[in-house]
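Peer 1: What follows is a structure written as structure tokens; I'll ask about it next.
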Amino acid sequence: MSEPRHTAPLSVLVGALNAIRSAIVPAIAVAFSGIGGSGRILVALGVGVAAIVIGSAISYVGWRRLTYTVGAADIRVESGILGRAARSVPYERIQDVSLEAKLLPRLLGLVAVKFETGAGAGEDISLQYLTAAEGERLRRLVRERRDEEQAAAAPTDCEAASPTAEEDEGEVLFTLPPRRLLTFGLFEFSLAVFAVLGGALQYVDNFTGINIWNVALWRDFLEERGVDWMTLDARLQALGALTGLLGLVIIGFATGIARTVTREWDFVLTRSARGFRRRRGLFTRTDVVMPVHRVQALEIGTGLLRYRFGWHGLSFVSLAQDAGDASHVVAPFARMEEIAPIVAAAGFRLPDAATHWHRASRNYLVDRIVIETAIPLLATIPAAILAPFGVALIPLGLAVLLAGANLYAWEFRRHAIDETQVYTSHGFLSPQQQVATRLKLHSVEIAQGPIARWRGYATIHLGLAGGTFAMHGVPIEEARAVRRAVLATIAATDFSRLDTPPAAEVQALSSAQSGFSSNFAAT
Amino acid sequence: MDQTLAPSPAAPPLAEEGELTRLHPNYTHAVRLRTTLAAIPFLLAALVAEAISGDAGLLPPGVIGGPVLLVALALIIRVPMRRYSARGYQMSADRLRVVKGLLWRSDTVVPFGRVQHIDVNQGPLERFFGIATMTLHTAGNHNASVKLPGLGEELAREMREDIRAHIRRESM
């Protein structure tokens, strides 16, 4: 158990295949550029082969030199081809263990195992690659070790005594069937593909010397084929524009669906005694486990359009990172009724009819409008005097739009506080909400700029592990009351006891509610 | 916890929820010295510009150097004083409140129960003036470290011991 081990030998193959993949582009580049004259194909082949050989060799030596040790108190990884680096992570510091299988390793039955410690980006230990069975075994082992330690620290913890064998298949909380996935994809309309396409064209441009932005070139191309540029009448041109627009829309939807399907394919969120487990992905399949007590706050997001159709997304804020994202998506596209049980399982409560929402100060709204419209309004004056009639309407219209946007954004700028939780909401025409437990906050700051001080409102920043939580435009007296209340809760419990909430609170949290949209409508 | 930090009677009425304790008076001097050191390159640059434009007869003397000098004097003499009176802290049995900012006011409270670790730092300037900066680290992303500069050296250590004692008591 405690002797140093190597990762799976097949990872060398993955490294070699990756080397081939990264050798292709430079080889093609050499082949198309003028380097080497007539022998450039040979040069290209040489470059490619060299890249593959070197990449494979590095991959092999790296594999030979990397060992990991599963010790009694920690996991140690020693690596380095020239130097030697040893890193140790104690079990109690491991937030969760995630398994990730990209397309290539997945075909070979391998996974990348990552130990999340909540340290900054890139500082986590990652083992690339282990066999899927070994990864699974390691994860179970880490969890058992952690539980043992917790059980030793708190012998009364009955949860730690439950058998670990049944942990894999817990209660299924949320899935995304293909039909739902398709609807989700439609809302993810994206034209990002054009940015990629533009970049690719630029690449072609540089390497082939064909300037694709040259209009004359295309006109010549058409004329060569007997199309008279001038005879294309207005109707035909309009038809062309319409076709182009339609194509744009179709491509946008197709991109959205393709991206969503590859990312969220076969999305399954389960809940077992140990915590939440999420599996998703078509080509890159990820498997993430989050212990329930590590959930610091909830984020309920939605979009301008999907909000109108009643769709929302739920994420957990926790210390561990999720593919570069600060929060873990646990239900990307769901109805509020589906989100409610997940929220309840995490020990939170959704805002309901009893939640007393407070709006941001009216002064805050006025100031925001004044500040944001000041520049366009100032631009209107010289435009009205100097420019031809009508030009002044552009900045004026912009100012009106900004004022309107602020009015609508104010609609959802609210905050609330109750016995155990704090809530905030913001967003333009659709609410983005955050819910945090008062107990798991770390500090409270009341911040005021000069205008805010003069007009009597403030921003409350609450210290949240793994995320930020702010209430904007809160009237100053109210801000102080919120701070007093939150601090009374925080100071009552020490950090070291955060993971074991008092029993009374657990009971209070177990009743979940839904339908905050109607609550919004009511106010 | 025995409180030895009696609020100074001259504390301004910026305390909304209780009296704030003022920082060590040397804090003003330390800030002044730091600003002076930072201002020297600008003053030199202004002098050079002044000399060049004087040679070329472009601008009347003092047009560049005058304003720079005025701004530097304001920053060195007036601003540190204002900053000093804007800053303050309040330590109670289970929390520390730190108030700062001239224009952008910030009023932060850190409960001792959420302090991860405590630093007491002294730069060379601070050591010269016998003051120190205490930093409380929390697990929150916002206010991950709350700095309280301008404490007397002894006081900073006492405060650290007090907070540490509180943490130890709580986690046992």
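Every chain in the structure tokens takes a letter, A first, then B, and so on in the order presented; its residues are numbered from 1, and the ligands are numbered from 1 following the presented order.
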What are the residues of chain A that have an atom within 6 Å of an atom of chain B, counting only C-alpha atoms, as a ChimeraX atom specification?

Peer 2: /A:442-450,463-467,491,494-496

Peer 1: Write out as a PyMOL selection string the residues lying within 9 Å of Ala49 (chain B), counting only C-alpha atoms and excluding same-chain residues fewer than 4 positions away.

Peer 2: chain B and resi 44-45+53-54+64-65

Peer 1: Rank nothing, just name the residue among A:Thr489, A:Glu92, A:His472, A:Thr255 nearest to Val196 (chain A), using only C-alpha atoms.

Peer 2: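 Comparing A:Thr489, A:Glu92, A:His472, A:Thr255 against Val196 (chain A), the winner is A:Thr255.
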
Peer 1: In Å, how far is it from CA of Tyr68 (chain A) to CA of Pro4 (chain A)?

Peer 2: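 Answer for the CA of Tyr68 (chain A) to CA of Pro4 (chain A) separation: 5.3 Å.
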
Peer 1: Which residues, written as a list in words, have at least one atom at most 12 Å from Val25 (chain A), with only C-alpha atoms counted and residues fewer than 4 positions away on the same chain left out?

Peer 2: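 With the cut-off at 12 Å, the set is Ala19, Ile20, Arg21, Ala29, Val30, Ala31, Phe32, Ala44, Leu45, Val47, Gly48, Ala51 and Tyr203 of chain A.
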
Peer 1: So that I can see what lies close to Val70 (chain A), please list as a PDB file with C-alpha atoms, in the first residue's frame the residues with an atom at most 12 Å from it, counting only C-alpha atoms and leaving out residues fewer than 5 positions away in the same chain.

Peer 2:
ATOM      1  CA  MET A   1       0.000   0.000   0.000  1.00  0.00           C
ATOM      2  CA  SER A   2       2.658   2.498   0.961  1.00  0.00           C
ATOM      3  CA  GLU A   3       5.303   1.683  -1.646  1.00  0.00           C
ATOM      4  CA  PRO A   4       5.785   4.150  -4.510  1.00  0.00           C
ATOM      5  CA  ARG A   5       3.700   3.332  -7.570  1.00  0.00           C
ATOM      6  CA  HIS A   6       3.781   4.389 -11.184  1.00  0.00           C
ATOM      7  CA  ILE A  75      -0.588  11.235  -0.602  1.00  0.00           C
ATOM      8  CA  ARG A  76       2.874  11.992  -1.915  1.00  0.00           C
ATOM      9  CA  VAL A  77       3.812  12.564  -5.529  1.00  0.00           C
ATOM     10  CA  GLU A  78       7.422  12.658  -6.671  1.00  0.00           C
ATOM     11  CA  SER A  88       2.523  15.809  -0.097  1.00  0.00           C
ATOM     12  CA  VAL A  89      -1.149  16.410   0.569  1.00  0.00           C
ATOM     13  CA  PRO A  90      -2.587  15.337   3.929  1.00  0.00           C
ATOM     14  CA  TYR A  91      -5.927  13.556   3.647  1.00  0.00           C
ATOM     15  CA  ARG A 137     -10.092   2.864  -5.750  1.00  0.00           C
ATOM     16  CA  LEU A 138      -7.935   5.867  -4.882  1.00  0.00           C
ATOM     17  CA  ARG A 139     -10.947   8.072  -4.507  1.00  0.00           C
ATOM     18  CA  LEU A 141      -9.491   5.272  -0.197  1.00  0.00           C
ATOM     19  CA  VAL A 142      -9.042   9.011   0.267  1.00  0.00           C
ATOM     20  CA  ARG A 145      -9.102   7.915   5.316  1.00  0.00           C
TER      21      ARG A 145
END

Peer 1: Taking the chain letters and numbering used in this document, name the residues of region 61-144 of chain B that DSSP puts in alpha helix (DSSP H), as a PyMOL selection string.

Peer 2: chain B and resi 65-73+79-86+124-129

Peer 1: For N, CA and C atoms, I'd like the residues from the last selection saved as a PDB file, in the first residue's frame.

Peer 2:
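File written: out.pdb
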ATOM      1  N   GLY B  65       6.970  73.425 -12.030  1.00  0.00           N
ATOM      2  CA  GLY B  65       7.432  73.076 -10.686  1.00  0.00           C
ATOM      3  C   GLY B  65       6.445  73.491  -9.606  1.00  0.00           C
ATOM      4  N   GLY B  66       5.797  74.614  -9.782  1.00  0.00           N
ATOM      5  CA  GLY B  66       4.873  75.137  -8.760  1.00  0.00           C
ATOM      6  C   GLY B  66       3.770  74.155  -8.412  1.00  0.00           C
ATOM      7  N   PRO B  67       2.958  73.789  -9.416  1.00  0.00           N
ATOM      8  CA  PRO B  67       1.858  72.864  -9.111  1.00  0.00           C
ATOM      9  C   PRO B  67       2.337  71.537  -8.541  1.00  0.00           C
ATOM     10  N   VAL B  68       3.444  70.990  -9.121  1.00  0.00           N
ATOM     11  CA  VAL B  68       3.947  69.707  -8.626  1.00  0.00           C
ATOM     12  C   VAL B  68       4.322  69.823  -7.154  1.00  0.00           C
ATOM     13  N   LEU B  69       4.986  70.929  -6.827  1.00  0.00           N
ATOM     14  CA  LEU B  69       5.392  71.144  -5.436  1.00  0.00           C
ATOM     15  C   LEU B  69       4.171  71.254  -4.532  1.00  0.00           C
ATOM     16  N   LEU B  70       3.152  71.995  -4.990  1.00  0.00           N
ATOM     17  CA  LEU B  70       1.934  72.182  -4.194  1.00  0.00           C
ATOM     18  C   LEU B  70       1.259  70.849  -3.921  1.00  0.00           C
ATOM     19  N   VAL B  71       1.115  70.047  -4.995  1.00  0.00           N
ATOM     20  CA  VAL B  71       0.461  68.738  -4.848  1.00  0.00           C
ATOM     21  C   VAL B  71       1.257  67.874  -3.879  1.00  0.00           C
ATOM     22  N   ALA B  72       2.612  67.890  -4.059  1.00  0.00           N
ATOM     23  CA  ALA B  72       3.463  67.068  -3.200  1.00  0.00           C
ATOM     24  C   ALA B  72       3.306  67.501  -1.747  1.00  0.00           C
ATOM     25  N   LEU B  73       3.279  68.832  -1.497  1.00  0.00           N
ATOM     26  CA  LEU B  73       3.146  69.319  -0.128  1.00  0.00           C
ATOM     27  C   LEU B  73       1.813  68.904   0.468  1.00  0.00           C
ATOM     28  N   VAL B  79      -2.677  65.189   3.666  1.00  0.00           N
ATOM     29  CA  VAL B  79      -3.358  63.905   3.475  1.00  0.00           C
ATOM     30  C   VAL B  79      -3.068  62.884   4.584  1.00  0.00           C
ATOM     31  N   PRO B  80      -1.790  62.705   5.001  1.00  0.00           N
ATOM     32  CA  PRO B  80      -1.562  61.725   6.067  1.00  0.00           C
ATOM     33  C   PRO B  80      -2.329  62.026   7.345  1.00  0.00           C
ATOM     34  N   MET B  81      -2.489  63.314   7.651  1.00  0.00           N
ATOM     35  CA  MET B  81      -3.231  63.702   8.841  1.00  0.00           C
ATOM     36  C   MET B  81      -4.697  63.277   8.713  1.00  0.00           C
ATOM     37  N   ARG B  82      -5.247  63.592   7.526  1.00  0.00           N
ATOM     38  CA  ARG B  82      -6.650  63.213   7.277  1.00  0.00           C
ATOM     39  C   ARG B  82      -6.799  61.703   7.330  1.00  0.00           C
ATOM     40  N   ARG B  83      -5.841  61.022   6.721  1.00  0.00           N
ATOM     41  CA  ARG B  83      -5.881  59.572   6.689  1.00  0.00           C
ATOM     42  C   ARG B  83      -5.851  58.994   8.108  1.00  0.00           C
ATOM     43  N   TYR B  84      -4.995  59.600   8.914  1.00  0.00           N
ATOM     44  CA  TYR B  84      -4.866  59.147  10.293  1.00  0.00           C
ATOM     45  C   TYR B  84      -6.196  59.278  11.018  1.00  0.00           C
ATOM     46  N   SER B  85      -6.853  60.427  10.833  1.00  0.00           N
ATOM     47  CA  SER B  85      -8.095  60.607  11.579  1.00  0.00           C
ATOM     48  C   SER B  85      -9.241  59.793  10.970  1.00  0.00           C
ATOM     49  N   ALA B  86      -9.066  59.369   9.711  1.00  0.00           N
ATOM     50  CA  ALA B  86     -10.115  58.547   9.114  1.00  0.00           C
ATOM     51  C   ALA B  86      -9.990  57.088   9.548  1.00  0.00           C
ATOM     52  N   PRO B 124      10.913  48.443   7.200  1.00  0.00           N
ATOM     53  CA  PRO B 124      11.997  49.249   7.782  1.00  0.00           C
ATOM     54  C   PRO B 124      11.498  50.591   8.310  1.00  0.00           C
ATOM     55  N   LEU B 125      10.607  51.241   7.561  1.00  0.00           N
ATOM     56  CA  LEU B 125      10.072  52.530   8.005  1.00  0.00           C
ATOM     57  C   LEU B 125       9.288  52.360   9.296  1.00  0.00           C
ATOM     58  N   GLU B 126       8.455  51.307   9.305  1.00  0.00           N
ATOM     59  CA  GLU B 126       7.620  51.071  10.480  1.00  0.00           C
ATOM     60  C   GLU B 126       8.483  50.776  11.699  1.00  0.00           C
ATOM     61  N   ARG B 127       9.582  50.038  11.479  1.00  0.00           N
ATOM     62  CA  ARG B 127      10.442  49.708  12.598  1.00  0.00           C
ATOM     63  C   ARG B 127      11.079  50.970  13.167  1.00  0.00           C
ATOM     64  N   PHE B 128      11.452  51.867  12.259  1.00  0.00           N
ATOM     65  CA  PHE B 128      12.050  53.128  12.672  1.00  0.00           C
ATOM     66  C   PHE B 128      11.097  53.899  13.580  1.00  0.00           C
ATOM     67  N   PHE B 129       9.808  53.866  13.256  1.00  0.00           N
ATOM     68  CA  PHE B 129       8.834  54.627  14.043  1.00  0.00           C
ATOM     69  C   PHE B 129       8.207  53.797  15.151  1.00  0.00           C
TER      70      PHE B 129
END

Peer 1: Tell me, as a list of chain:residue names, which residues lie within 6 Å of Ala392 (chain A), counting only C-alpha atoms; anything in the same chain fewer than 6 positions away does not count.

Peer 2: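 Skipping anything fewer than 6 positions along the chain leaves A:Thr380, A:Ala383, A:Ala384.
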
Peer 1: What does the distance between CA of Arg280 (chain A) and CA of Val317 (chain A) come to in Å, to one decimal place?

Peer 2: 18.5 Å

Peer 1: In region 9-165 of chain A, what's strand (DSSP E or B) per DSSP? Answer as a ChimeraX atom specification?

Peer 2: /A:67-70,74-79,85-90,96-101,110-116,125-131

Peer 1: Those selected residues, please, written with C-alpha atoms and delivered as a PDB file, in the first residue's frame.

Peer 2:
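See selection_2.pdb below for the written result:
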ATOM      1  CA  THR A  67       5.721   7.974  -8.634  1.00  0.00           C
ATOM      2  CA  TYR A  68       2.982   8.376  -6.131  1.00  0.00           C
ATOM      3  CA  THR A  69       2.737   6.972  -2.637  1.00  0.00           C
ATOM      4  CA  VAL A  70      -0.468   6.434  -0.779  1.00  0.00           C
ATOM      5  CA  ASP A  74      -1.021  11.776   3.108  1.00  0.00           C
ATOM      6  CA  ILE A  75      -0.588  11.235  -0.602  1.00  0.00           C
ATOM      7  CA  ARG A  76       2.874  11.992  -1.915  1.00  0.00           C
ATOM      8  CA  VAL A  77       3.812  12.564  -5.529  1.00  0.00           C
ATOM      9  CA  GLU A  78       7.422  12.658  -6.671  1.00  0.00           C
ATOM     10  CA  SER A  79       8.150  13.860 -10.160  1.00  0.00           C
ATOM     11  CA  ALA A  85       9.854  17.614  -6.841  1.00  0.00           C
ATOM     12  CA  ALA A  86       7.978  15.975  -4.012  1.00  0.00           C
ATOM     13  CA  ARG A  87       4.589  17.137  -2.911  1.00  0.00           C
ATOM     14  CA  SER A  88       2.523  15.809  -0.097  1.00  0.00           C
ATOM     15  CA  VAL A  89      -1.149  16.410   0.569  1.00  0.00           C
ATOM     16  CA  PRO A  90      -2.587  15.337   3.929  1.00  0.00           C
ATOM     17  CA  ASP A  96     -12.632  16.313  -3.076  1.00  0.00           C
ATOM     18  CA  VAL A  97     -11.191  13.943  -5.632  1.00  0.00           C
ATOM     19  CA  SER A  98     -12.313  14.424  -9.202  1.00  0.00           C
ATOM     20  CA  LEU A  99     -11.874  12.040 -12.090  1.00  0.00           C
ATOM     21  CA  GLU A 100     -11.595  13.433 -15.572  1.00  0.00           C
ATOM     22  CA  ALA A 101     -11.458  11.407 -18.758  1.00  0.00           C
ATOM     23  CA  LEU A 110      -7.691   5.881 -18.354  1.00  0.00           C
ATOM     24  CA  VAL A 111      -8.667   8.777 -16.095  1.00  0.00           C
ATOM     25  CA  ALA A 112      -6.874  11.814 -14.690  1.00  0.00           C
ATOM     26  CA  VAL A 113      -7.232  11.936 -10.918  1.00  0.00           C
ATOM     27  CA  LYS A 114      -7.168  15.362  -9.313  1.00  0.00           C
ATOM     28  CA  PHE A 115      -6.998  16.039  -5.597  1.00  0.00           C
ATOM     29  CA  GLU A 116      -8.695  19.328  -4.892  1.00  0.00           C
ATOM     30  CA  ILE A 125      -1.976  17.434  -7.249  1.00  0.00           C
ATOM     31  CA  SER A 126      -3.043  15.679 -10.407  1.00  0.00           C
ATOM     32  CA  LEU A 127      -2.164  12.156 -11.514  1.00  0.00           C
ATOM     33  CA  GLN A 128      -2.268  11.628 -15.273  1.00  0.00           C
ATOM     34  CA  TYR A 129      -3.267   8.895 -16.014  1.00  0.00           C
ATOM     35  CA  LEU A 130      -4.471   5.995 -13.916  1.00  0.00           C
ATOM     36  CA  THR A 131      -6.713   3.148 -14.984  1.00  0.00           C
TER      37      THR A 131
END

Peer 1: Taking 2 positions as the minimum chain separation for residues in the same chain, which residues sit within 12 Å of Val61 (chain A) when counting only C-alpha atoms? Answer as a PDB file with C-alpha atoms, in the first residue's frame.

Peer 2:
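Ended up saving to around.pdb:
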ATOM      1  CA  HIS A   6       3.781   4.389 -11.184  1.00  0.00           C
ATOM      2  CA  PRO A   9       1.875   2.506 -18.498  1.00  0.00           C
ATOM      3  CA  SER A  11      -0.263   7.050 -20.250  1.00  0.00           C
ATOM      4  CA  VAL A  12       2.979   6.939 -22.250  1.00  0.00           C
ATOM      5  CA  GLY A  15       1.643  11.276 -24.342  1.00  0.00           C
ATOM      6  CA  ALA A  16       2.939   9.919 -27.661  1.00  0.00           C
ATOM      7  CA  ILE A  54      11.030  13.913 -28.673  1.00  0.00           C
ATOM      8  CA  GLY A  55       7.462  14.165 -27.333  1.00  0.00           C
ATOM      9  CA  SER A  56       7.227  10.399 -26.849  1.00  0.00           C
ATOM     10  CA  ALA A  57      10.633  10.234 -25.190  1.00  0.00           C
ATOM     11  CA  ILE A  58       9.724  13.010 -22.759  1.00  0.00           C
ATOM     12  CA  SER A  59       6.432  11.315 -22.068  1.00  0.00           C
ATOM     13  CA  TRP A  63       6.279   8.386 -16.673  1.00  0.00           C
ATOM     14  CA  ARG A  64       9.366   6.554 -15.412  1.00  0.00           C
ATOM     15  CA  ARG A  65      10.212   9.350 -13.020  1.00  0.00           C
ATOM     16  CA  LEU A  66       6.752  10.018 -11.608  1.00  0.00           C
ATOM     17  CA  THR A  67       5.721   7.974  -8.634  1.00  0.00           C
ATOM     18  CA  SER A  79       8.150  13.860 -10.160  1.00  0.00           C
ATOM     19  CA  GLY A  80      10.641  15.706 -12.326  1.00  0.00           C
ATOM     20  CA  ILE A  81      12.890  14.621 -15.160  1.00  0.00           C
ATOM     21  CA  LEU A  82      15.979  16.629 -14.238  1.00  0.00           C
TER      22      LEU A  82
END
